[in-house]
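Listing of run.pdb; format and content: PDB, C-alpha atoms.
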```
ATOM      1  CA  MET A 865      98.463 101.845  94.203
ATOM      2  CA  THR A 866     101.563 103.948  94.841
ATOM      3  CA  THR A 867     101.208 107.603  95.793
ATOM      4  CA  LEU A 868     103.810 109.712  94.016
ATOM      5  CA  ARG A 869     104.355 113.310  95.075
ATOM      6  CA  ILE A 870     103.819 115.115  91.767
ATOM      7  CA  PRO A 871     104.681 118.840  91.950
ATOM      8  CA  GLN A 872     102.336 121.267  90.236
ATOM      9  CA  THR A 873     102.334 124.535  88.379
ATOM     10  CA  ALA A 874      99.273 126.579  87.381
ATOM     11  CA  LEU A 875      97.692 127.462  84.076
ATOM     12  CA  ALA A 876      96.830 131.073  83.278
ATOM     13  CA  ASP A 877      93.408 130.794  84.921
ATOM     14  CA  GLY A 878      94.914 129.407  88.132
ATOM     15  CA  SER A 879      94.001 125.773  87.467
ATOM     16  CA  PRO A 880      96.603 123.350  88.870
ATOM     17  CA  PHE A 881      98.649 121.479  86.293
ATOM     18  CA  PRO A 882     101.133 118.679  87.053
ATOM     19  CA  LEU A 883     104.802 119.338  86.405
ATOM     20  CA  ILE A 884     105.355 115.640  85.681
ATOM     21  CA  GLY A 885     103.060 113.813  83.290
ATOM     22  CA  PHE A 886     103.223 110.558  81.373
ATOM     23  CA  GLY A 887     104.091 110.414  77.667
ATOM     24  CA  THR A 888     102.598 107.651  75.529
ATOM     25  CA  SER A 889     103.837 108.307  71.991
ATOM     26  CA  SER A 890     104.858 104.711  71.150
ATOM     27  CA  LEU A 891     102.721 102.811  73.656
ATOM     28  CA  ARG A 892     100.073 100.954  71.658
ATOM     29  CA  GLY A 893      97.839  97.932  71.929
ATOM     30  CA  VAL A 894      97.570  95.694  74.962
ATOM     31  CA  GLU A 895     101.170  96.227  76.053
ATOM     32  CA  GLY A 896     100.781  99.981  75.759
ATOM     33  CA  ALA A 897      97.531  99.954  77.711
ATOM     34  CA  ASN A 898      99.189  97.888  80.439
ATOM     35  CA  ALA A 899     102.053 100.390  80.717
ATOM     36  CA  ILE A 900      99.662 103.342  80.935
ATOM     37  CA  THR A 901      97.524 101.533  83.517
ATOM     38  CA  GLY A 902     100.637 100.986  85.616
ATOM     39  CA  ALA A 903     101.599 104.655  85.380
ATOM     40  CA  LEU A 904      98.166 105.742  86.564
ATOM     41  CA  GLN A 905      98.258 103.273  89.429
ATOM     42  CA  ALA A 906     101.709 104.559  90.367
ATOM     43  CA  GLY A 907     100.306 108.060  90.744
ATOM     44  CA  TYR A 908     100.591 109.840  87.402
ATOM     45  CA  ARG A 909      97.532 111.921  86.570
ATOM     46  CA  LEU A 910      98.510 113.860  83.429
ATOM     47  CA  VAL A 911      98.511 111.573  80.369
ATOM     48  CA  ASP A 912      99.666 112.808  76.964
ATOM     49  CA  THR A 913      98.409 111.243  73.747
ATOM     50  CA  ALA A 914      97.529 112.357  70.209
ATOM     51  CA  ALA A 915      95.439 111.252  67.255
ATOM     52  CA  GLN A 916      98.706 110.815  65.365
ATOM     53  CA  TYR A 917     100.038 108.326  67.945
ATOM     54  CA  GLY A 918      97.380 105.764  67.089
ATOM     55  CA  ASN A 919      96.897 104.867  70.758
ATOM     56  CA  GLU A 920      93.949 106.877  72.031
ATOM     57  CA  ALA A 921      91.872 103.696  72.395
ATOM     58  CA  ALA A 922      94.662 102.141  74.482
ATOM     59  CA  VAL A 923      94.780 105.259  76.681
ATOM     60  CA  GLY A 924      91.037 105.122  77.234
ATOM     61  CA  ASP A 925      91.169 101.415  78.045
ATOM     62  CA  ALA A 926      94.034 102.013  80.501
ATOM     63  CA  ILE A 927      92.070 104.685  82.329
ATOM     64  CA  ARG A 928      89.071 102.400  82.721
ATOM     65  CA  ARG A 929      91.202  99.488  83.938
ATOM     66  CA  SER A 930      93.349 101.533  86.302
ATOM     67  CA  GLY A 931      90.762 101.952  89.032
ATOM     68  CA  VAL A 932      91.509 105.685  89.110
ATOM     69  CA  ASP A 933      88.501 107.995  89.023
ATOM     70  CA  VAL A 934      88.237 109.161  85.401
ATOM     71  CA  ASP A 935      87.675 112.729  86.597
ATOM     72  CA  GLU A 936      91.126 112.683  88.212
ATOM     73  CA  VAL A 937      92.919 111.802  84.970
ATOM     74  CA  LEU A 938      93.997 114.842  82.966
ATOM     75  CA  VAL A 939      94.036 113.628  79.370
ATOM     76  CA  THR A 940      95.783 115.643  76.676
ATOM     77  CA  THR A 941      95.234 114.864  73.009
ATOM     78  CA  LYS A 942      96.171 116.677  69.818
ATOM     79  CA  ILE A 943      94.672 117.603  66.465
ATOM     80  CA  ALA A 944      96.598 115.829  63.693
ATOM     81  CA  GLY A 945      97.893 117.749  60.687
ATOM     82  CA  GLY A 946      95.373 116.114  58.380
ATOM     83  CA  ASP A 947      92.529 117.261  60.632
ATOM     84  CA  GLN A 948      93.400 120.946  60.604
ATOM     85  CA  GLY A 949      90.730 123.423  59.517
ATOM     86  CA  ARG A 950      87.542 124.884  60.910
ATOM     87  CA  ASP A 951      85.305 121.833  60.449
ATOM     88  CA  ALA A 952      87.914 119.100  60.124
ATOM     89  CA  ALA A 953      89.392 119.903  63.539
ATOM     90  CA  ARG A 954      86.015 119.485  65.181
ATOM     91  CA  ALA A 955      85.384 116.201  63.396
ATOM     92  CA  GLY A 956      88.880 114.967  64.238
ATOM     93  CA  PHE A 957      88.447 115.836  67.890
ATOM     94  CA  LYS A 958      85.078 114.073  68.055
ATOM     95  CA  GLU A 959      86.824 110.953  66.725
ATOM     96  CA  SER A 960      89.499 111.330  69.414
ATOM     97  CA  LEU A 961      86.792 111.442  72.081
ATOM     98  CA  ARG A 962      85.183 108.338  70.580
ATOM     99  CA  ARG A 963      88.472 106.429  70.632
ATOM    100  CA  LEU A 964      89.250 107.590  74.167
ATOM    101  CA  GLY A 965      85.726 106.752  75.319
ATOM    102  CA  LEU A 966      85.527 110.107  77.095
ATOM    103  CA  PRO A 967      82.975 112.929  76.964
ATOM    104  CA  ARG A 968      85.696 115.610  77.095
ATOM    105  CA  THR A 969      89.435 116.112  77.468
ATOM    106  CA  HIS A 970      91.405 118.170  79.933
ATOM    107  CA  LEU A 971      93.715 119.692  77.333
ATOM    108  CA  LEU A 972      93.511 119.863  73.543
ATOM    109  CA  LEU A 973      96.479 120.937  71.423
ATOM    110  CA  ILE A 974      97.243 121.614  67.773
ATOM    111  CA  HIS A 975     100.004 119.068  67.140
ATOM    112  CA  TRP A 976     102.128 121.016  64.606
ATOM    113  CA  PRO A 977     101.637 124.411  62.913
ATOM    114  CA  ASN A 978     102.074 122.912  59.413
ATOM    115  CA  PRO A 979     102.469 126.341  57.755
ATOM    116  CA  SER A 980     102.210 124.962  54.209
ATOM    117  CA  ARG A 981      98.530 124.216  54.865
ATOM    118  CA  GLY A 982      97.731 127.678  56.235
ATOM    119  CA  LEU A 983      95.078 126.222  58.550
ATOM    120  CA  ALA A 984      96.570 126.712  62.024
ATOM    121  CA  LEU A 985      94.521 129.843  62.710
ATOM    122  CA  ASP A 986      91.236 128.269  61.596
ATOM    123  CA  THR A 987      92.068 125.255  63.762
ATOM    124  CA  TRP A 988      92.822 127.535  66.722
ATOM    125  CA  ARG A 989      89.424 129.225  66.317
ATOM    126  CA  THR A 990      87.791 125.786  66.471
ATOM    127  CA  LEU A 991      89.700 124.940  69.666
ATOM    128  CA  ILE A 992      88.431 128.174  71.215
ATOM    129  CA  ASP A 993      84.886 127.103  70.310
ATOM    130  CA  LEU A 994      85.379 123.584  71.705
ATOM    131  CA  LYS A 995      86.536 125.029  75.006
ATOM    132  CA  SER A 996      83.547 127.382  75.186
ATOM    133  CA  GLU A 997      81.285 124.369  74.582
ATOM    134  CA  GLY A 998      82.852 122.468  77.486
ATOM    135  CA  LEU A 999      84.311 119.693  75.334
ATOM    136  CA  THR A1000      87.817 120.457  76.602
ATOM    137  CA  ALA A1001      88.804 122.282  79.753
ATOM    138  CA  HIS A1002      91.939 123.891  78.304
ATOM    139  CA  ILE A1003      93.480 124.542  74.901
ATOM    140  CA  GLY A1004      96.975 125.013  73.579
ATOM    141  CA  VAL A1005      99.434 124.091  70.878
ATOM    142  CA  SER A1006     102.513 121.980  70.302
ATOM    143  CA  ASN A1007     105.738 122.831  68.486
ATOM    144  CA  PHE A1008     104.826 126.489  67.866
ATOM    145  CA  ARG A1009     107.560 129.126  67.708
ATOM    146  CA  PRO A1010     107.028 132.515  69.435
ATOM    147  CA  GLU A1011     106.063 134.266  66.196
ATOM    148  CA  GLN A1012     103.551 131.500  65.440
ATOM    149  CA  LEU A1013     102.006 131.928  68.886
ATOM    150  CA  GLN A1014     101.831 135.673  68.325
ATOM    151  CA  GLU A1015      99.889 135.152  65.089
ATOM    152  CA  LEU A1016      97.213 133.183  66.946
ATOM    153  CA  PHE A1017      96.855 135.869  69.582
ATOM    154  CA  ASP A1018      96.852 138.772  67.126
ATOM    155  CA  ALA A1019      93.948 137.197  65.229
ATOM    156  CA  THR A1020      91.847 135.984  68.180
ATOM    157  CA  GLY A1021      92.981 137.742  71.349
ATOM    158  CA  VAL A1022      93.465 134.324  72.955
ATOM    159  CA  TRP A1023      96.869 132.943  73.945
ATOM    160  CA  PRO A1024      97.372 129.172  74.072
ATOM    161  CA  GLU A1025      97.414 127.981  77.684
ATOM    162  CA  VAL A1026     100.163 125.438  76.952
ATOM    163  CA  ASN A1027     102.840 125.083  74.294
ATOM    164  CA  GLN A1028     104.402 121.629  74.174
ATOM    165  CA  ILE A1029     107.891 121.890  72.675
ATOM    166  CA  GLN A1030     111.021 119.790  72.258
ATOM    167  CA  LEU A1031     113.069 120.589  75.369
ATOM    168  CA  SER A1032     115.901 119.033  77.382
ATOM    169  CA  PRO A1033     119.273 120.108  78.793
ATOM    170  CA  ALA A1034     120.590 119.639  75.244
ATOM    171  CA  LEU A1035     117.803 121.880  73.890
ATOM    172  CA  PRO A1036     117.005 124.406  76.646
ATOM    173  CA  ARG A1037     114.897 126.667  74.358
ATOM    174  CA  GLN A1038     115.430 129.767  76.495
ATOM    175  CA  ALA A1039     113.889 132.219  73.999
ATOM    176  CA  SER A1040     110.661 130.210  73.871
ATOM    177  CA  LEU A1041     110.601 129.828  77.658
ATOM    178  CA  ALA A1042     110.944 133.585  78.127
ATOM    179  CA  PHE A1043     108.174 134.288  75.604
ATOM    180  CA  HIS A1044     105.882 131.759  77.284
ATOM    181  CA  ARG A1045     106.464 133.286  80.733
ATOM    182  CA  GLU A1046     105.773 136.767  79.412
ATOM    183  CA  HIS A1047     102.387 135.688  78.074
ATOM    184  CA  GLY A1048     101.240 133.244  80.756
ATOM    185  CA  ILE A1049     101.785 130.125  78.657
ATOM    186  CA  VAL A1050     102.848 126.933  80.440
ATOM    187  CA  THR A1051     105.768 125.205  78.738
ATOM    188  CA  GLU A1052     105.479 121.444  78.406
ATOM    189  CA  GLY A1053     108.625 119.639  77.288
ATOM    190  CA  TRP A1054     108.583 116.602  75.049
ATOM    191  CA  GLY A1055     111.776 114.571  74.714
ATOM    192  CA  PRO A1056     112.979 115.761  78.151
ATOM    193  CA  LEU A1057     115.477 112.888  78.330
ATOM    194  CA  GLY A1058     116.975 113.654  74.941
ATOM    195  CA  GLY A1059     117.033 111.397  71.919
ATOM    196  CA  ARG A1060     119.395 111.117  68.989
ATOM    197  CA  ASP A1061     121.660 113.658  70.707
ATOM    198  CA  GLY A1062     122.771 110.956  73.173
ATOM    199  CA  LEU A1063     122.033 113.227  76.126
ATOM    200  CA  GLY A1064     122.006 110.443  78.726
ATOM    201  CA  ALA A1065     125.586 109.465  77.938
ATOM    202  CA  GLN A1066     127.034 112.983  78.161
ATOM    203  CA  PHE A1067     129.784 113.395  80.749
ATOM    204  CA  ALA A1068     128.357 116.603  82.242
ATOM    205  CA  LEU A1069     124.991 114.964  82.927
ATOM    206  CA  GLN A1070     126.597 111.803  84.263
ATOM    207  CA  SER A1071     128.816 113.904  86.538
ATOM    208  CA  VAL A1072     125.894 115.780  88.081
ATOM    209  CA  ALA A1073     123.988 112.504  88.539
ATOM    210  CA  ARG A1074     126.934 110.902  90.358
ATOM    211  CA  LYS A1075     127.237 113.931  92.629
ATOM    212  CA  HIS A1076     123.601 113.541  93.734
ATOM    213  CA  ASP A1077     123.644 109.724  93.610
ATOM    214  CA  VAL A1078     120.621 109.581  91.316
ATOM    215  CA  ASP A1079     119.814 108.447  87.798
ATOM    216  CA  PRO A1080     120.807 110.852  84.979
ATOM    217  CA  THR A1081     117.184 110.921  83.852
ATOM    218  CA  GLN A1082     116.213 112.415  87.211
ATOM    219  CA  ILE A1083     118.744 115.211  86.733
ATOM    220  CA  SER A1084     117.311 116.097  83.318
ATOM    221  CA  LEU A1085     113.776 116.106  84.703
ATOM    222  CA  ARG A1086     114.712 118.064  87.847
ATOM    223  CA  TRP A1087     116.449 120.664  85.643
ATOM    224  CA  ALA A1088     113.229 121.196  83.670
ATOM    225  CA  VAL A1089     110.852 121.120  86.628
ATOM    226  CA  ASP A1090     112.996 123.705  88.422
ATOM    227  CA  GLN A1091     112.172 126.068  85.561
ATOM    228  CA  GLY A1092     108.436 125.466  85.864
ATOM    229  CA  VAL A1093     108.392 123.250  82.786
ATOM    230  CA  THR A1094     106.012 120.302  82.724
ATOM    231  CA  VAL A1095     107.754 117.140  81.527
ATOM    232  CA  ILE A1096     106.188 114.034  80.002
ATOM    233  CA  PRO A1097     108.747 111.205  80.176
ATOM    234  CA  LYS A1098     107.663 107.868  78.758
ATOM    235  CA  SER A1099     108.466 104.357  79.951
ATOM    236  CA  ALA A1100     106.813 100.959  79.945
ATOM    237  CA  ASN A1101     109.050  99.867  82.835
ATOM    238  CA  PRO A1102     107.187 100.156  86.181
ATOM    239  CA  GLN A1103     110.308 100.983  88.203
ATOM    240  CA  ARG A1104     111.430 103.552  85.633
ATOM    241  CA  GLN A1105     108.001 105.192  85.781
ATOM    242  CA  ILE A1106     108.425 105.677  89.535
ATOM    243  CA  THR A1107     112.038 106.845  89.200
ATOM    244  CA  ASN A1108     111.081 109.484  86.632
ATOM    245  CA  ALA A1109     108.522 111.003  88.993
ATOM    246  CA  SER A1110     110.642 110.759  92.162
ATOM    247  CA  LEU A1111     112.523 114.053  92.150
ATOM    248  CA  ASP A1112     112.131 115.102  95.796
ATOM    249  CA  GLY A1113     115.434 115.685  97.509
ATOM    250  CA  ILE A1114     117.345 116.532  94.330
ATOM    251  CA  ALA A1115     118.521 120.131  94.684
ATOM    252  CA  LEU A1116     120.605 121.396  91.780
ATOM    253  CA  ASP A1117     123.078 124.172  92.584
ATOM    254  CA  ASP A1118     124.764 126.789  90.379
ATOM    255  CA  GLU A1119     127.678 124.467  89.623
ATOM    256  CA  ASP A1120     125.264 121.768  88.446
ATOM    257  CA  ARG A1121     123.342 124.200  86.264
ATOM    258  CA  ALA A1122     126.578 125.486  84.717
ATOM    259  CA  LYS A1123     127.593 121.947  83.789
ATOM    260  CA  LEU A1124     124.185 121.247  82.276
ATOM    261  CA  ALA A1125     124.332 124.523  80.320
ATOM    262  CA  SER A1126     127.416 123.180  78.560
ATOM    263  CA  LEU A1127     125.187 120.589  76.880
ATOM    264  CA  ASP A1128     123.246 123.211  74.889
ATOM    265  CA  LEU A1129     123.334 122.263  71.198
ATOM    266  CA  GLY A1130     121.693 125.513  70.115
ATOM    267  CA  GLU A1131     118.269 126.340  68.721
ATOM    268  CA  ASP A1132     119.176 125.010  65.275
ATOM    269  CA  ALA A1133     119.344 121.477  66.709
ATOM    270  CA  ALA A1134     115.613 121.511  67.509
ATOM    271  CA  TRP A1135     113.009 120.538  64.939
ATOM    272  CA  ASP A1136     111.983 123.761  63.187
ATOM    273  CA  SER A1137     108.202 124.013  62.821
ATOM    274  CA  ARG A1138     108.582 126.515  59.987
ATOM    275  CA  GLU A1139     109.868 123.599  57.920
ATOM    276  CA  HIS A1140     109.101 120.320  59.705
ATOM    277  CA  GLU A1141     105.468 119.265  59.296
ATOM    278  CA  GLU A1142     103.522 116.217  60.435
ATOM    279  CA  TRP A1143     100.222 115.073  59.020
TER     280      TRP A1143
END
```
Could you express the structure from this file as structure tokens?
Amino acid sequence: MTTLRIPQTALADGSPFPLIGFGTSSLRGVEGANAITGALQAGYRLVDTAAQYGNEAAVGDAIRRSGVDVDEVLVTTKIAGGDQGRDAARAGFKESLRRLGLPRTHLLLIHWPNPSRGLALDTWRTLIDLKSEGLTAHIGVSNFRPEQLQELFDATGVWPEVNQIQLSPALPRQASLAFHREHGIVTEGWGPLGGRDGLGAQFALQSVARKHDVDPTQISLRWAVDQGVTVIPKSANPQRQITNASLDGIALDDEDRAKLASLDLGEDAAWDSREHEEW
């Protein structure tokens, strides 16, 4: 096994939380399980999955085959849109635990607000109950806007501990980051290496990478980690897995940050959870 030096942040209660985790959104079946096993053996400890990804069984199998103590693996899963609601969320989560082969998770999120259903608040109340019952250590949400987070708190007095949002140098999401900091919410960025925006090929990013003699992906990840954002890059390539988590020695300066700021596509380029829904 390789020992990566994974930096950490802290959740609102002081619990340590890795700043670099492993995304699994398209890693399924035997090949997916092999990739996840390799990531765990390389030193990753935060693993992100979801009922909607259809790979919770592969994640559970990877954990068991990795040789890593199951108590050291911080598994995140998410309530799918079709499982929202007071009772349905509990039933959906129990199925996630069955597929994972685990008695509990480290972090449980609501995957999308899905406002047309009007069930996010009921689902949040169920997550609060599941945490109090010890079935998950921490609770949060994914893809919630500040006003949607505020609605949860106003009704329950409980802030999500994590909000996982689309975030990269092309989508810096500064308003959400500021709101999260104000209320003790850890920001977790999905898509930290970009996507359809072609982030990796942008001249500004390539320029900063050449200056530091590193891969452009490492610049994107360092940029996020420097802001206290947890990132969850995904790769089935063993060397890429190590590269993504090897950020020591990369020190971005003001000139670098100014170049990366030029990549900002604006808030409207991010998926809008007032309209985009996933079931």
Quick one: which residues end up in the PyMOL selection byres ((chain A and resi 955) around 12) for this structure, as a ChimeraX atom specification?
/A:915,943-944,946-954,956-962,987,990-991,994
Spell out the residues picked by the PyMOL selection byres ((chain A and resi 1114-1122) around 8) here, as an MDAnalysis selection string.
chainID A and resid 1072 1076 1083 1086:1087 1111:1113 1123:1126
Result set, the PyMOL selection byres ((chain A and resi 913) around 7) on current file, as a list of chain:residue names
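What the PyMOL selection byres ((chain A and resi 913) around 7) grabs from the file is A:Gly887, A:Thr888, A:Ser889, A:Val911, A:Asp912, A:Ala914, A:Tyr917, A:Glu920, A:Thr940, A:Thr941.
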Taking into account all atoms listed in the file, which residue in the set A:Gly878, A:Gly885, A:Pro1010, A:Pro1102 is nearest to A:Pro1056?
A:Gly885
Coordinates of box centre and edge lengths for stretch 912-919 of chain A, 8 Å on every side, axis-aligned, as JSON:
```
{"center_x": 97.7, "center_y": 108.8, "center_z": 71.2, "size_x": 20.6, "size_y": 23.9, "size_z": 27.6}
```
Show which residues sit within 7 Å of stretch 973-985 of chain A, as a PDB file with C-alpha atoms, in the coordinates of the input. Count all atoms listed in the file, and ignore same-chain residues fewer than 3 positions away.
```
ATOM      1  CA  THR A 941      95.234 114.864  73.009  1.00  0.00           C
ATOM      2  CA  LYS A 942      96.171 116.677  69.818  1.00  0.00           C
ATOM      3  CA  ILE A 943      94.672 117.603  66.465  1.00  0.00           C
ATOM      4  CA  ALA A 944      96.598 115.829  63.693  1.00  0.00           C
ATOM      5  CA  GLY A 945      97.893 117.749  60.687  1.00  0.00           C
ATOM      6  CA  GLN A 948      93.400 120.946  60.604  1.00  0.00           C
ATOM      7  CA  GLY A 949      90.730 123.423  59.517  1.00  0.00           C
ATOM      8  CA  TRP A 988      92.822 127.535  66.722  1.00  0.00           C
ATOM      9  CA  ARG A 989      89.424 129.225  66.317  1.00  0.00           C
ATOM     10  CA  ILE A1003      93.480 124.542  74.901  1.00  0.00           C
ATOM     11  CA  GLY A1004      96.975 125.013  73.579  1.00  0.00           C
ATOM     12  CA  VAL A1005      99.434 124.091  70.878  1.00  0.00           C
ATOM     13  CA  SER A1006     102.513 121.980  70.302  1.00  0.00           C
ATOM     14  CA  ASN A1007     105.738 122.831  68.486  1.00  0.00           C
ATOM     15  CA  PHE A1008     104.826 126.489  67.866  1.00  0.00           C
ATOM     16  CA  LEU A1016      97.213 133.183  66.946  1.00  0.00           C
ATOM     17  CA  SER A1137     108.202 124.013  62.821  1.00  0.00           C
ATOM     18  CA  ARG A1138     108.582 126.515  59.987  1.00  0.00           C
ATOM     19  CA  GLU A1141     105.468 119.265  59.296  1.00  0.00           C
ATOM     20  CA  GLU A1142     103.522 116.217  60.435  1.00  0.00           C
TER      21      GLU A1142
END
```
Report as a list in words all protein, DNA and RNA residues lying within 10 Å of A:Ser1110, evaluated on all atoms listed in the file, omitting residues in the same chain fewer than 4 positions from it.
Leu868, Arg869, Ile870, Ile884, Gln1082, Leu1085, Arg1086, Arg1104, Gln1105, Ile1106 and Ile1114 of chain A
With 6 Å as the threshold, what does the neighbourhood of (103.1, 122.1, 79.2) contain in terms of residues, counting all atoms listed in the file? Coordinates are those of the file; answer as a VMD selection string.
chain A and resid 1026 to 1028 1050 to 1052 1094
Enumerate, as a ChimeraX atom specification, the protein, DNA and RNA residues whose atoms approach (122.9, 122.9, 70.0) to within 12 Å, taking into account all atoms listed in the file and the coordinate frame of the file.
/A:1031-1037,1061,1063,1125-1135
Could you tell me how far atom CA of A:Ala874 lies from atom CA of A:Gly1092, in Å and to one decimal?
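Interatomic distance here is 9.4 Å.
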Smallest atom-to-atom distance to A:Gly998: which of A:Arg929, A:Lys1098, A:Arg1060, A:Arg968, using all atoms listed in the file?
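Looking at the shortest contact to A:Gly998, the residue is A:Arg968.
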Using only C-alpha atoms, the best pick from A:Gln872, A:Thr1107, A:Gln905, A:Thr1020 as closest to A:Ile992 would be A:Thr1020
Set the distance at 12 Å and use only C-alpha atoms: which residues neighbour A:Ala1100 once local chain neighbours fewer than 5 positions away are removed? I'd like the list as a PyMOL selection string.
chain A and resi 886-892+894-904+1105-1106+1108
